[in-house]
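A short worksheet on the structure shown next.
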Amino acid sequence: MKISDRDVLKIAGLAKIKILSGEIPKIAAEVEKIIGFIDRLNEIDCEEVEPLSGITVNRAYEREDIVDDGDYADDIVGNAPEQASNMFAVPKIVE
Amino acid sequence: MNTTGLKRNYTPDTYKREHNEWEVVIGMEVHAQVVSQSKLFSGARTVFGSEPNSQASFIDAAFPGMLPVVNSFCVDQAIKTGLGLNAVINLESRFDRKNYFYPDLPAGYQISQFYSPIVGPGWVNVHLDELRTFSLRINHIHLEQDAGKSFHDQHPDKSYIDLNRAGIALMEIVTEPDMRSKEEAAAFLKTLRTILRYLGTCDGNMEEGSLRADVNISVRQPGATLGTRVEVKNINSSRFTEQAIEFEVFRQIEIIESGGRVDQETRLFDSISGKTRSMRSKEDAQDYRYMPDPDLPPLILNLDRIERIQNSLPELPDMKLERLQKDYGLPYHDAALIASDREIAAYYEECLNTESKKHEGKVSGDKAKMIANWFIGDLFAYLNKANLELKESKITPAHLSELVNLIYNGTISGKIAKEVFDLVWSSGESPSKVVKNQGMQQITDSSAIEAAIAKVIEQNQDKVQEYQSGKEKLFGFFVGQVMKETDGKANPQMVNEFLKNKLSAG
Amino acid sequence: MQNLPDLTLSEARQLLTSKKISATELTAEFLKRIEAKASWNAFVTVTGDLALAQAKDSDARLARGDARPLEGLPIAHKDIFCTKGVRTTACSLILANFIPPYESGVTQRLKDNGTVMLGKTNMDEFAMGSANVTSHFGPAVNPWKPKENPTQNLVPGGSSGGSAAAVTGGLCLGATGTDTGGSIRQPAAYTGIVGMKPTYGRCSRWGMIAFASSLDQAGPLAKSVKDSAILLKAMAGHDSRDSTSADMHVPDFEQAIGQSVKGLKVGIPSDDWINECNDDIKTMTVNCINWFKAAGAQIFDVQLSYAKHALEAYYVIASAEASTNLSRYDGVRFGLRAEGRNINDIYQNTRGEGFGAEVRRRILVGTYVLSAGHMEAYYQRARKIQSLIKQNFIDAFDKVNLILMPTAPSGAFAIGERQDDPVTMYLNDIFTVPVNMAGLPAISVPAGIDRRGLPLGVQLIAPGFQEEVLFRAGHVIESSSRFVSWHEKGAIS
């Protein structure tokens with residue numbers, strides 16, 4: 001599968017990762033190489049195979065509806081790069 | 001009542017234009033906040049309006065290494081909702097990640113159910129009024145997390161994010177495009193809200209955002225294939241639903257009739273202008289990269305659990321409406337009003353219970369109707385005036401039932417009953433106590449009534465003459481005078497009967 | 001008395017309980033040595049004061065006869081486990097200043113067992129790598145040196161390279177690691193120690209920074225099979241905060257040490273792809289087979305034909321999961337925030353600057369395979385291959401009790417090598433990845449020395465939750481190989 005510079009920009013946009021324009025061809029080549037590698041999966045006929053789900057635990061454990069967490073807003077915002085009145089702050093979002 | 005497909009017993013209105021006739025096609029995705037103590041995947045509280053981030057756990061804030069564990073009760077609530085909407089419950093469902101970046105979505109993905117939801121197809125009956133009913137298909141219901149809340153108005157160039165709401169369980173109830181008018185859409189939303197409140201799975205509080213709808217709207221010429229749909233996001237009332245649909249229908253017809261094409265896009269409804277505006281078009285549609293959440297194994301349900309929940313279901317509004325009409329002969333309007341809210345219905349049925357206990361399990365249709373009248377007519381008026389909730393009323397169901405019995409057995413007249421009602425309302429004392437303390441019992445002693453009549457005749461000889469010479473209109477005057485003489489307590493039938501005899505006897 | 005840093009964990013335990021040494025003495029010695037060997041870059045955070053305080057508490061407990069199972073034993077934690085109040089970075093710039101307000105499930109258990117934490121060890125950024133060269137804090141160095149070039153710096157393997165270097169180099173008695181595609185076993189093999197990857201679900205993932213959730217599993221790196229058994233017993237157990245944690249009894253693994261392998265059925269994969277390794281590795285494998293035979297085990301051929309494709313499927317699944325797991329590092333709630341005029345700039349700049357090249361690459365690949373139109377072709381297909389791989393193992397385990405194969409295709413290589421393109425580096429994981437894809441337990445045990453004088457590891461794989469057989473059989477390899485530790489060998493001191 002050919003990976004173009006545009007493909008790289010598209011996936012980088014989805015992943016929200018800034019890529020400097022000078023890096024694009026290199027990254028495109030690396031991603032293409034990896035995709036080429038994983039394309040070897042196509043050698044296997046697995047039309048009829050069920051995809052694996054849940055490796056060892058096959059059933060969700062369900063917890064009881066009990067309040068046993070929270071009430072530590074200071075810790076929640078304690079690592080935040082920017083906060084105000086115990087809320088996270090970011091540049092104003094215009095919708 | 002085993003309607004499974006789209007049915008209606010009337011023809012919906014269309015929009016007629018100079019050359020064309022247009023039909024609107026509506027589907028909805030309703031987000032209903034699940035009633036639970038703790039969040040869908042964490043043990044943090046779900047109370048509305050708490051201090052910022054006080055009910056955010058490290059899980060809700062997506063701290064490194066934090067993992068979700070599903071809340072069993074939220075699962076039960078989704079099953080209950082599914083059963084209440086006549087839907088298939090899937091014995092195996094899965095949680096998936098819906099990936100997108102937004103500051104109030106801490107993990108960068110929302111845990112939802114995209115590939116295999118917990119509830120499959122179902123249906124619901126919706127009454128527009130006494131005569132018009134339609135049924136609508138539910139496509140599926142899935143469980144997902146709510147996002148946090150962003151505040152854009154607290155700082156000139158900052159947005160603030162509070163994660164108290166992040167992680168609260170939501171049910172997304174997705175309908176088929178089965179609605180054909182704004183009226184149907186509004187009625188469906190109301191019906192759904194009523195059912196959810198009956199089930200106790202969502203409090204239906206639209207102002208707090210517990211119930212909000214994304215409405216998909218398209219227009220077509222009747223019989224044509226579906227038109228391009230526009231999704232109007234985050235509508236939080238039936239009225240706004242109608243406004244948004246009205247606006248969209250005209251906008252879309254206008255575009256098509258002037259030779260244009262409707263864009264498939266997401267629009268926002270502005271409740272102040274009543275208009276919708278474009279948010280994003282299909283071209284820059286999000287690629288959500290759904291994938292199974294590797295932190296959560298499949299959710300496996302067994303039949304016992306579903307049966308236990310099935311057995312716990314309350315009588316639903318549709319059934320109640322039918323029963324109230326059938327068993328008590330209540331008119332549709334009264335029955336519909338009573339059935340429209342679980343608390344109202346519970347109050348009314350408590351009145352009937354009191355009544356039934358007193359009378360060997362029987363409630364006569366008369367009394368049921370009388371109770372309904374006092375309840376819907378008088379009590380509602382008082383509550384409205386005082387701006388109180390039903391549960392705050394000092395008049396209990398037992399009071400209302402007692403009051404009706406006092407009237408029914410002739411202890412007080414209907415007119416006195418209004419005074420008794422007023423006193424019970426303000427004091428919370430039982431009607432019989434009020435009647436006794438205030439000496440309001442109806443006079444049924446014939447000699448007392450006869451004495452009063454004799455006194456009135458004595459004092460109004462001239463009017464007696466006029467009456468006897470044919471001015472029969474005066475009869476009302478005599479009744480009034482006798483009632484006045486007995487402080488309104490004389491039994492009106494006896495007064496009528498005795499007066500007639502007396503006056504005609506001359 | 002023996003040089004303290006040369007002690008195994010079980011030896012140290014013996015000396016502590018018999019009060020021949022104190023925890024404080026032991027801890028101080030390790031701290032001194034960590035400082036002396038700072039050039040190995042094995043630790044990214046040393047918690048000296050905390051360690052000494054814990055040691056003091058341990059000594060008090062030992063004195064009053066209130067000792068917990070691992071009382072006073074100094075160990076190290078991979079910097080992927082959140083440690084309350086102690087910086088935890090996953091060796092990424094994006095988390096370089098993150099101080100968790102909580103303790104991970106695994107480190108909590110070890111703490112509750114009485115261990116002393118010396119600090120946090122170096123690793124590949126977010127555990128993505130096989131050589132510990134992607135760390136934001138620079139590569140960790142393998143204490144072993146090639147005999148023909150004793151100044152050359154080799155990789156300790158990855159991603160748990162810091163833990164491996166610290167254990168082999170005598171900077172601690174044992175260490176935690178995580179293994180998503182071989183990140184415990186491969187560094188153990190490169191450094192001549194024992195690396196144990198338990199069954200998926202055996203150890204809690206709560207508080208462990210996620211790379212690929214369906215594959216990540218914590219386990220110990222230790223100097224001996226017995227130490228490994230002791231550490232795993234303390235680390236493992238059900239955690240109701242982790243939905244993928246298995247509610248299974250944790251046996252006393254130490255009991256398995258010394259038990260006979262007579263009659264044990266050992267499977268050797270006969271597929272071609274197994275030969276994609278160098279001659280020293282092949283010789284090592286043959287030696288292992290002979291040792292097992294000598295110990296009374298029976299040898300059988302098994303087929304793992306689909307495991308050949310495990311690596312490709314792994315890179316789809318691991319990258320896909322990583323791409324979404326790492327979305328939370330967005331500069332809003334914790335970690336690095338780069339400047340930006342609006343929220344989108346902040347996202348792009350923070351993630352562009354905060355993640356290193358390998359992490360960015362995997363996020364991009366993961367995003368690509370999940371994006372519209374590719375989900376079916378890549379992700380779903382990889383899950384199907386995973387089913388086939390799992391079935392391969394199920395079928396093999398119908399015939400045998402365990403499977404033997406090399407841990408890695410070669411011994412350690414020089415820092416800077418195999419970096420021409422990412423796929424070359426990925427091929428280091430060819431023998432370890434199938435195990436993660438099937439969720440199975442596996443152990444890497446030192447089993448030989450290559451022609452450069454560097455250690456080689458053999459891998460034993462068992463059915464789910466049968467770690468005991470690995471300790472039993474691993475101990476047989478360990479005793480037969482008469483492998484000598486880095487320090488005894490005197491490669492450098």
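Identifiers in the structure tokens: chain A, B, ... in order shown; residue index from 1 per chain; ligand index from 1 in order shown.
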
Problem set entry | Neighbour list for Arg61 in chain C as JSON, numbers by chain, cut-off 9 Å, only C-alpha atoms, skip fewer than 6 positions in-chain | {"C": [67, 68, 71]}

For this session: Skip range 77-87 of chain A itself and residues of its chain fewer than 5 positions away, then list as a VMD selection string all residues within 12 Å of it, counting only C-alpha atoms.
Result: (chain A and resid 71 to 72) or (chain B and resid 51 to 58 61 63 to 64 103 to 104 148 to 151 154 to 155 158 to 164) or (chain C and resid 85 87 to 88 94 to 101 329 to 339 346 350)

Using the selection just defined, write its residues with N, CA and C atoms as a short mmCIF file (atom, residue, chain, number, x, y, z; two decimals), in the first residue's frame.
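Resulting contents of part_8.cif:
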```cif
data_model
loop_
_atom_site.label_atom_id
_atom_site.label_comp_id
_atom_site.auth_asym_id
_atom_site.auth_seq_id
_atom_site.Cartn_x
_atom_site.Cartn_y
_atom_site.Cartn_z
N ASP A 71 -14.46 13.13 45.15
CA ASP A 71 -14.18 14.07 46.22
C ASP A 71 -12.69 14.33 46.43
N TYR A 72 -11.97 14.45 45.31
CA TYR A 72 -10.58 14.87 45.41
C TYR A 72 -10.23 15.77 44.22
N GLU B 51 -19.79 20.67 43.22
CA GLU B 51 -18.61 21.51 43.08
C GLU B 51 -17.73 20.98 41.95
N PRO B 52 -17.06 21.88 41.19
CA PRO B 52 -16.28 21.44 40.03
C PRO B 52 -15.32 20.29 40.36
N ASN B 53 -15.37 19.30 39.52
CA ASN B 53 -14.49 18.12 39.60
C ASN B 53 -14.55 17.34 40.91
N SER B 54 -15.53 17.66 41.77
CA SER B 54 -15.63 16.92 43.03
C SER B 54 -16.17 15.51 42.79
N GLN B 55 -16.90 15.31 41.71
CA GLN B 55 -17.36 13.96 41.44
C GLN B 55 -16.71 13.39 40.18
N ALA B 56 -15.46 13.81 39.96
CA ALA B 56 -14.66 13.19 38.91
C ALA B 56 -13.66 12.28 39.60
N SER B 57 -13.59 11.04 39.16
CA SER B 57 -12.57 10.13 39.69
C SER B 57 -11.40 10.14 38.71
N PHE B 58 -10.30 9.50 39.10
CA PHE B 58 -9.16 9.42 38.18
C PHE B 58 -9.56 8.67 36.92
N ALA B 61 -11.39 11.08 34.69
CA ALA B 61 -10.46 12.06 34.13
C ALA B 61 -9.40 11.40 33.27
N PHE B 63 -6.88 9.36 33.82
CA PHE B 63 -5.49 9.41 34.23
C PHE B 63 -4.76 8.17 33.71
N PRO B 64 -3.43 8.26 33.59
CA PRO B 64 -2.67 7.12 33.07
C PRO B 64 -2.91 5.86 33.91
N PRO B 103 -11.79 18.76 24.60
CA PRO B 103 -11.29 18.87 25.99
C PRO B 103 -12.21 18.25 27.05
N ASP B 104 -13.51 18.16 26.76
CA ASP B 104 -14.36 17.56 27.79
C ASP B 104 -14.49 16.04 27.62
N GLY B 148 -17.72 15.44 29.79
CA GLY B 148 -17.72 16.50 30.81
C GLY B 148 -18.40 17.75 30.26
N LYS B 149 -18.27 18.82 31.00
CA LYS B 149 -18.94 20.05 30.58
C LYS B 149 -17.92 21.16 30.37
N SER B 150 -18.06 21.87 29.26
CA SER B 150 -17.17 23.00 29.00
C SER B 150 -17.94 24.29 29.26
N PHE B 151 -17.28 25.23 29.91
CA PHE B 151 -17.89 26.55 30.16
C PHE B 151 -17.11 27.57 29.35
N GLN B 154 -16.96 32.03 31.26
CA GLN B 154 -16.46 32.48 32.55
C GLN B 154 -15.18 33.28 32.45
N HIS B 155 -14.61 33.33 31.28
CA HIS B 155 -13.34 34.05 31.10
C HIS B 155 -13.32 34.54 29.66
N LYS B 158 -10.76 32.04 27.75
CA LYS B 158 -10.52 30.66 28.19
C LYS B 158 -11.85 29.89 28.20
N SER B 159 -11.73 28.60 28.01
CA SER B 159 -12.86 27.71 28.30
C SER B 159 -12.45 26.88 29.51
N TYR B 160 -13.38 26.65 30.40
CA TYR B 160 -13.11 25.84 31.59
C TYR B 160 -13.82 24.50 31.47
N ILE B 161 -13.16 23.48 31.99
CA ILE B 161 -13.73 22.13 31.87
C ILE B 161 -13.92 21.49 33.22
N ASP B 162 -15.15 21.04 33.43
CA ASP B 162 -15.52 20.35 34.67
C ASP B 162 -15.91 18.93 34.28
N LEU B 163 -15.33 17.96 34.95
CA LEU B 163 -15.57 16.56 34.56
C LEU B 163 -16.59 15.86 35.45
N ASN B 164 -17.38 16.62 36.20
CA ASN B 164 -18.38 15.97 37.06
C ASN B 164 -19.34 15.10 36.27
N GLY C 85 2.85 9.68 44.47
CA GLY C 85 3.77 10.72 44.93
C GLY C 85 5.16 10.64 44.31
N ARG C 87 7.29 10.55 40.76
CA ARG C 87 7.20 10.82 39.33
C ARG C 87 7.15 9.53 38.50
N THR C 88 6.21 9.47 37.59
CA THR C 88 6.05 8.29 36.72
C THR C 88 5.91 8.81 35.30
N ILE C 94 6.20 13.62 27.32
CA ILE C 94 4.82 14.08 27.52
C ILE C 94 4.38 13.87 28.97
N LEU C 95 5.04 12.94 29.67
CA LEU C 95 4.69 12.69 31.08
C LEU C 95 5.86 12.99 32.01
N ALA C 96 6.84 13.74 31.50
CA ALA C 96 8.09 13.88 32.25
C ALA C 96 7.90 14.45 33.66
N ASN C 97 6.80 15.16 33.89
CA ASN C 97 6.60 15.74 35.22
C ASN C 97 5.36 15.21 35.91
N PHE C 98 4.89 14.05 35.48
CA PHE C 98 3.63 13.54 36.05
C PHE C 98 3.87 12.86 37.39
N ILE C 99 3.14 13.30 38.38
CA ILE C 99 3.21 12.67 39.71
C ILE C 99 1.86 12.05 40.03
N PRO C 100 1.79 10.72 39.95
CA PRO C 100 0.49 10.07 40.14
C PRO C 100 0.00 10.22 41.59
N PRO C 101 -1.27 10.51 41.76
CA PRO C 101 -1.82 10.54 43.11
C PRO C 101 -2.35 9.14 43.52
N TYR C 329 -3.16 11.82 26.31
CA TYR C 329 -2.05 12.75 26.52
C TYR C 329 -2.23 13.92 25.57
N ASP C 330 -3.01 14.89 26.05
CA ASP C 330 -3.45 15.97 25.16
C ASP C 330 -3.12 17.36 25.69
N GLY C 331 -2.38 17.42 26.79
CA GLY C 331 -1.98 18.72 27.33
C GLY C 331 -3.06 19.44 28.11
N VAL C 332 -4.15 18.75 28.43
CA VAL C 332 -5.24 19.42 29.15
C VAL C 332 -5.21 19.14 30.65
N ARG C 333 -5.05 17.88 31.04
CA ARG C 333 -5.24 17.52 32.45
C ARG C 333 -3.94 17.20 33.20
N PHE C 334 -2.94 16.73 32.47
CA PHE C 334 -1.67 16.39 33.12
C PHE C 334 -0.60 16.35 32.04
N GLY C 335 0.64 16.31 32.49
CA GLY C 335 1.72 16.16 31.53
C GLY C 335 2.03 17.45 30.78
N LEU C 336 2.82 17.26 29.73
CA LEU C 336 3.30 18.39 28.94
C LEU C 336 2.15 19.12 28.25
N ARG C 337 2.24 20.46 28.23
CA ARG C 337 1.40 21.22 27.31
C ARG C 337 2.31 22.15 26.52
N ALA C 338 2.26 22.00 25.19
CA ALA C 338 3.02 22.93 24.35
C ALA C 338 2.12 24.12 24.05
N GLU C 339 2.74 25.23 23.74
CA GLU C 339 1.97 26.44 23.45
C GLU C 339 1.12 26.26 22.19
N ILE C 346 -2.79 23.34 20.48
CA ILE C 346 -2.24 22.75 21.71
C ILE C 346 -2.14 21.23 21.55
N THR C 350 1.50 19.69 21.42
CA THR C 350 1.81 18.88 22.60
C THR C 350 2.17 17.46 22.18
#
```

Exercise. Closest to Lys33 in chain A among C:Phe471, C:Tyr347, C:Tyr426, C:Phe431, using only C-alpha atoms?
Worked result: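 Using only C-alpha atoms, the shortest distance to Lys33 in chain A belongs to C:Tyr426.
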
For this session: Name the residues in contact with Asn436 in chain C at a cut-off of 12 Å, using only C-alpha atoms, excluding same-chain residues fewer than 4 positions from it; report them as number ranges by chain.
Result: A: 55-56; C: 178-185, 197-201, 212-218, 307, 310-311, 313-315, 317-318, 386, 389-390, 393, 429-432, 440-442, 461-462, 464

Exercise. Given the choices B:Gly27, B:Gly65, B:Gly43, B:Gly480, which gets closest to chain C if the distance is worked out from only C-alpha atoms?
Worked result: B:Gly65

Exercise. Got a sec to tell me which of range 101-134 of chain B DSSP assigns to strand (DSSP E or B), as a PyMOL selection string?
Worked result: chain B and resi 109-112+119+122-127+133-134

Problem set entry | Residue among B:Ile395, B:Leu337, B:Ile138, B:Leu330 lying closest to Ser426 in chain B, counting only C-alpha atoms | B:Ile395

Exercise. So which residues touch Lys226 in chain C within 8 Å, counting only C-alpha atoms, skipping near sequence neighbours fewer than 3 positions away, as a list in words?
Worked result: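 In the requested format, the answer is Ser10, Ala229, Ile230, Glu254, Ile257, Phe471 and His475 of chain C.
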
Exercise. Got a sec: who's within 8 Å of range 291-306 of chain B, counting only C-alpha atoms, leaving out chain neighbours fewer than 6 positions off, as a list in words?
Worked result: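 Residues near the query, excluding close chain neighbours: Ser53, Gly54, Val57, Asn58, Arg59 and Ala60 of chain A; Leu67, Pro68, Val69, Ile79, Ile89, Asn90, Leu91, Glu92, Ser93, Arg94, Phe95, Asp96, Arg97, Lys98 and Ile111 of chain B; Ser213, Ser214, Asp242, Ser243, Thr244, Glu321 and Leu370 of chain C.
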
Residue subset to file, keeping N, CA and C atoms, as an mmCIF file, in the first residue's frame:
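Writing done, so here's result-v3.cif:
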```
data_model
loop_
_atom_site.group_PDB
_atom_site.id
_atom_site.type_symbol
_atom_site.label_atom_id
_atom_site.label_comp_id
_atom_site.auth_asym_id
_atom_site.auth_seq_id
_atom_site.Cartn_x
_atom_site.Cartn_y
_atom_site.Cartn_z
ATOM 1 N N SER A 53 -11.935 -12.356 20.664
ATOM 2 C CA SER A 53 -12.381 -11.278 21.554
ATOM 3 C C SER A 53 -12.174 -11.723 22.981
ATOM 4 N N GLY A 54 -11.458 -10.948 23.746
ATOM 5 C CA GLY A 54 -11.220 -11.296 25.148
ATOM 6 C C GLY A 54 -10.212 -12.426 25.242
ATOM 7 N N VAL A 57 -10.101 -13.443 29.975
ATOM 8 C CA VAL A 57 -11.366 -13.207 30.667
ATOM 9 C C VAL A 57 -12.414 -12.955 29.590
ATOM 10 N N ASN A 58 -13.433 -13.794 29.546
ATOM 11 C CA ASN A 58 -14.372 -13.707 28.435
ATOM 12 C C ASN A 58 -15.699 -13.069 28.797
ATOM 13 N N ARG A 59 -15.735 -12.525 29.995
ATOM 14 C CA ARG A 59 -16.993 -11.964 30.431
ATOM 15 C C ARG A 59 -16.698 -10.792 31.360
ATOM 16 N N ALA A 60 -17.360 -9.681 31.108
ATOM 17 C CA ALA A 60 -17.102 -8.487 31.921
ATOM 18 C C ALA A 60 -17.536 -8.725 33.360
ATOM 19 N N LEU B 67 -8.629 2.238 34.630
ATOM 20 C CA LEU B 67 -9.389 1.264 33.853
ATOM 21 C C LEU B 67 -10.873 1.312 34.209
ATOM 22 N N PRO B 68 -11.726 1.056 33.233
ATOM 23 C CA PRO B 68 -13.176 1.064 33.477
ATOM 24 C C PRO B 68 -13.677 -0.292 33.986
ATOM 25 N N VAL B 69 -14.642 -0.252 34.897
ATOM 26 C CA VAL B 69 -15.346 -1.475 35.311
ATOM 27 C C VAL B 69 -16.832 -1.137 35.243
ATOM 28 N N ILE B 79 -31.402 -2.741 30.310
ATOM 29 C CA ILE B 79 -32.257 -3.902 30.017
ATOM 30 C C ILE B 79 -33.712 -3.511 30.272
ATOM 31 N N ILE B 89 -33.412 -8.051 23.936
ATOM 32 C CA ILE B 89 -32.222 -7.823 24.759
ATOM 33 C C ILE B 89 -31.128 -8.758 24.243
ATOM 34 N N ASN B 90 -29.985 -8.187 23.910
ATOM 35 C CA ASN B 90 -28.894 -9.010 23.373
ATOM 36 C C ASN B 90 -28.095 -9.656 24.508
ATOM 37 N N LEU B 91 -28.018 -10.974 24.484
ATOM 38 C CA LEU B 91 -27.349 -11.690 25.577
ATOM 39 C C LEU B 91 -25.845 -11.438 25.591
ATOM 40 N N GLU B 92 -25.311 -11.041 24.446
ATOM 41 C CA GLU B 92 -23.900 -10.639 24.447
ATOM 42 C C GLU B 92 -23.793 -9.291 23.759
ATOM 43 N N SER B 93 -23.200 -8.341 24.441
ATOM 44 C CA SER B 93 -22.929 -7.061 23.802
ATOM 45 C C SER B 93 -21.507 -6.652 24.147
ATOM 46 N N ARG B 94 -21.032 -5.570 23.494
ATOM 47 C CA ARG B 94 -19.633 -5.186 23.668
ATOM 48 C C ARG B 94 -19.526 -3.685 23.803
ATOM 49 N N PHE B 95 -18.417 -3.268 24.373
ATOM 50 C CA PHE B 95 -18.140 -1.839 24.431
ATOM 51 C C PHE B 95 -17.038 -1.494 23.435
ATOM 52 N N ASP B 96 -17.236 -0.369 22.772
ATOM 53 C CA ASP B 96 -16.284 0.080 21.765
ATOM 54 C C ASP B 96 -15.810 1.489 22.105
ATOM 55 N N ARG B 97 -14.695 1.839 21.513
ATOM 56 C CA ARG B 97 -14.187 3.197 21.695
ATOM 57 C C ARG B 97 -14.516 4.040 20.465
ATOM 58 N N LYS B 98 -15.072 5.196 20.717
ATOM 59 C CA LYS B 98 -15.337 6.164 19.647
ATOM 60 C C LYS B 98 -14.310 7.279 19.828
ATOM 61 N N ILE B 111 -16.413 5.674 25.531
ATOM 62 C CA ILE B 111 -16.763 4.253 25.527
ATOM 63 C C ILE B 111 -18.253 4.162 25.223
ATOM 64 N N SER C 213 -3.612 -2.523 25.566
ATOM 65 C CA SER C 213 -4.312 -3.097 26.714
ATOM 66 C C SER C 213 -4.561 -4.593 26.634
ATOM 67 N N SER C 214 -4.842 -5.109 25.448
ATOM 68 C CA SER C 214 -5.217 -6.523 25.366
ATOM 69 C C SER C 214 -3.986 -7.421 25.418
ATOM 70 N N ASP C 242 -9.754 -3.980 37.570
ATOM 71 C CA ASP C 242 -9.311 -4.271 36.205
ATOM 72 C C ASP C 242 -10.229 -5.359 35.652
ATOM 73 N N SER C 243 -11.059 -4.997 34.692
ATOM 74 C CA SER C 243 -12.052 -5.943 34.157
ATOM 75 C C SER C 243 -11.412 -7.130 33.457
ATOM 76 N N THR C 244 -10.137 -7.010 33.083
ATOM 77 C CA THR C 244 -9.481 -8.118 32.396
ATOM 78 C C THR C 244 -8.635 -8.948 33.357
ATOM 79 N N GLU C 321 -4.425 -0.240 19.355
ATOM 80 C CA GLU C 321 -4.759 0.020 20.747
ATOM 81 C C GLU C 321 -3.941 1.191 21.293
ATOM 82 N N LEU C 370 -7.118 1.880 11.802
ATOM 83 C CA LEU C 370 -8.481 2.006 12.321
ATOM 84 C C LEU C 370 -9.334 2.976 11.508
#
```

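For the choices B:Met279, B:Ala224, B:Ala398, B:Val479, the atom-to-atom distance to chain A is smallest for B:Met279 when using only C-alpha atoms.
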
For this session: Enumerate the residues of chain A with a DSSP assignment of alpha helix (DSSP H), computed from the backbone, and present them as number ranges by chain.
Result: A: 5-15, 24-38, 73-78

Produce a file of the selected residues containing C-alpha atoms, as an mmCIF file, in the first residue's frame.
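Written file, selection-v8.cif:
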```
data_model
loop_
_atom_site.group_PDB
_atom_site.id
_atom_site.type_symbol
_atom_site.label_atom_id
_atom_site.label_comp_id
_atom_site.auth_asym_id
_atom_site.auth_seq_id
_atom_site.Cartn_x
_atom_site.Cartn_y
_atom_site.Cartn_z
ATOM 1 C CA ASP A 5 2.290 12.702 1.984
ATOM 2 C CA ARG A 6 -1.431 13.470 1.971
ATOM 3 C CA ASP A 7 -2.198 10.193 3.745
ATOM 4 C CA VAL A 8 0.348 11.082 6.411
ATOM 5 C CA LEU A 9 -1.181 14.511 6.902
ATOM 6 C CA LYS A 10 -4.640 13.009 7.094
ATOM 7 C CA ILE A 11 -3.790 10.444 9.764
ATOM 8 C CA ALA A 12 -1.620 12.927 11.640
ATOM 9 C CA GLY A 13 -4.639 15.245 11.637
ATOM 10 C CA LEU A 14 -6.855 12.514 13.055
ATOM 11 C CA ALA A 15 -4.220 11.629 15.653
ATOM 12 C CA ILE A 24 6.671 14.195 5.986
ATOM 13 C CA PRO A 25 8.461 12.216 3.260
ATOM 14 C CA LYS A 26 10.519 10.310 5.828
ATOM 15 C CA ILE A 27 7.484 9.469 7.902
ATOM 16 C CA ALA A 28 5.511 8.496 4.807
ATOM 17 C CA ALA A 29 8.303 6.098 3.842
ATOM 18 C CA GLU A 30 8.449 4.573 7.330
ATOM 19 C CA VAL A 31 4.707 4.159 7.625
ATOM 20 C CA GLU A 32 4.611 2.679 4.133
ATOM 21 C CA LYS A 33 7.286 0.201 5.118
ATOM 22 C CA ILE A 34 5.310 -0.843 8.214
ATOM 23 C CA ILE A 35 2.046 -1.064 6.319
ATOM 24 C CA GLY A 36 3.848 -3.120 3.667
ATOM 25 C CA PHE A 37 5.018 -5.438 6.440
ATOM 26 C CA ILE A 38 1.577 -5.875 7.969
ATOM 27 C CA ALA A 73 -10.863 17.720 42.933
ATOM 28 C CA ASP A 74 -7.458 19.040 44.092
ATOM 29 C CA ASP A 75 -5.803 15.821 42.944
ATOM 30 C CA ILE A 76 -7.770 15.820 39.709
ATOM 31 C CA VAL A 77 -6.397 19.221 38.726
ATOM 32 C CA GLY A 78 -3.121 18.798 40.653
#
```

Exercise. Got a sec: who's within 9 Å of Leu211 in chain B, counting only C-alpha atoms, leaving out chain neighbours fewer than 3 positions off, as a PyMOL selection string?
Worked result: chain B and resi 30-33+193+202-208+235-237

Exercise. Residues at most 8 Å from Asn401 in chain C, counting only C-alpha atoms, excluding those fewer than 3 positions away in the same chain, as a ChimeraX atom specification?
Worked result: /C:264-267,397,462-463,469

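Closest approach to chain B among A:Ile3, A:Ile17, A:Ile44, A:Val49 is made by A:Ile17 (distances from only C-alpha atoms).
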
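Interatomic distance, CA of Gly108 in chain B to CA of Arg328 in chain C: 5.3 Å.
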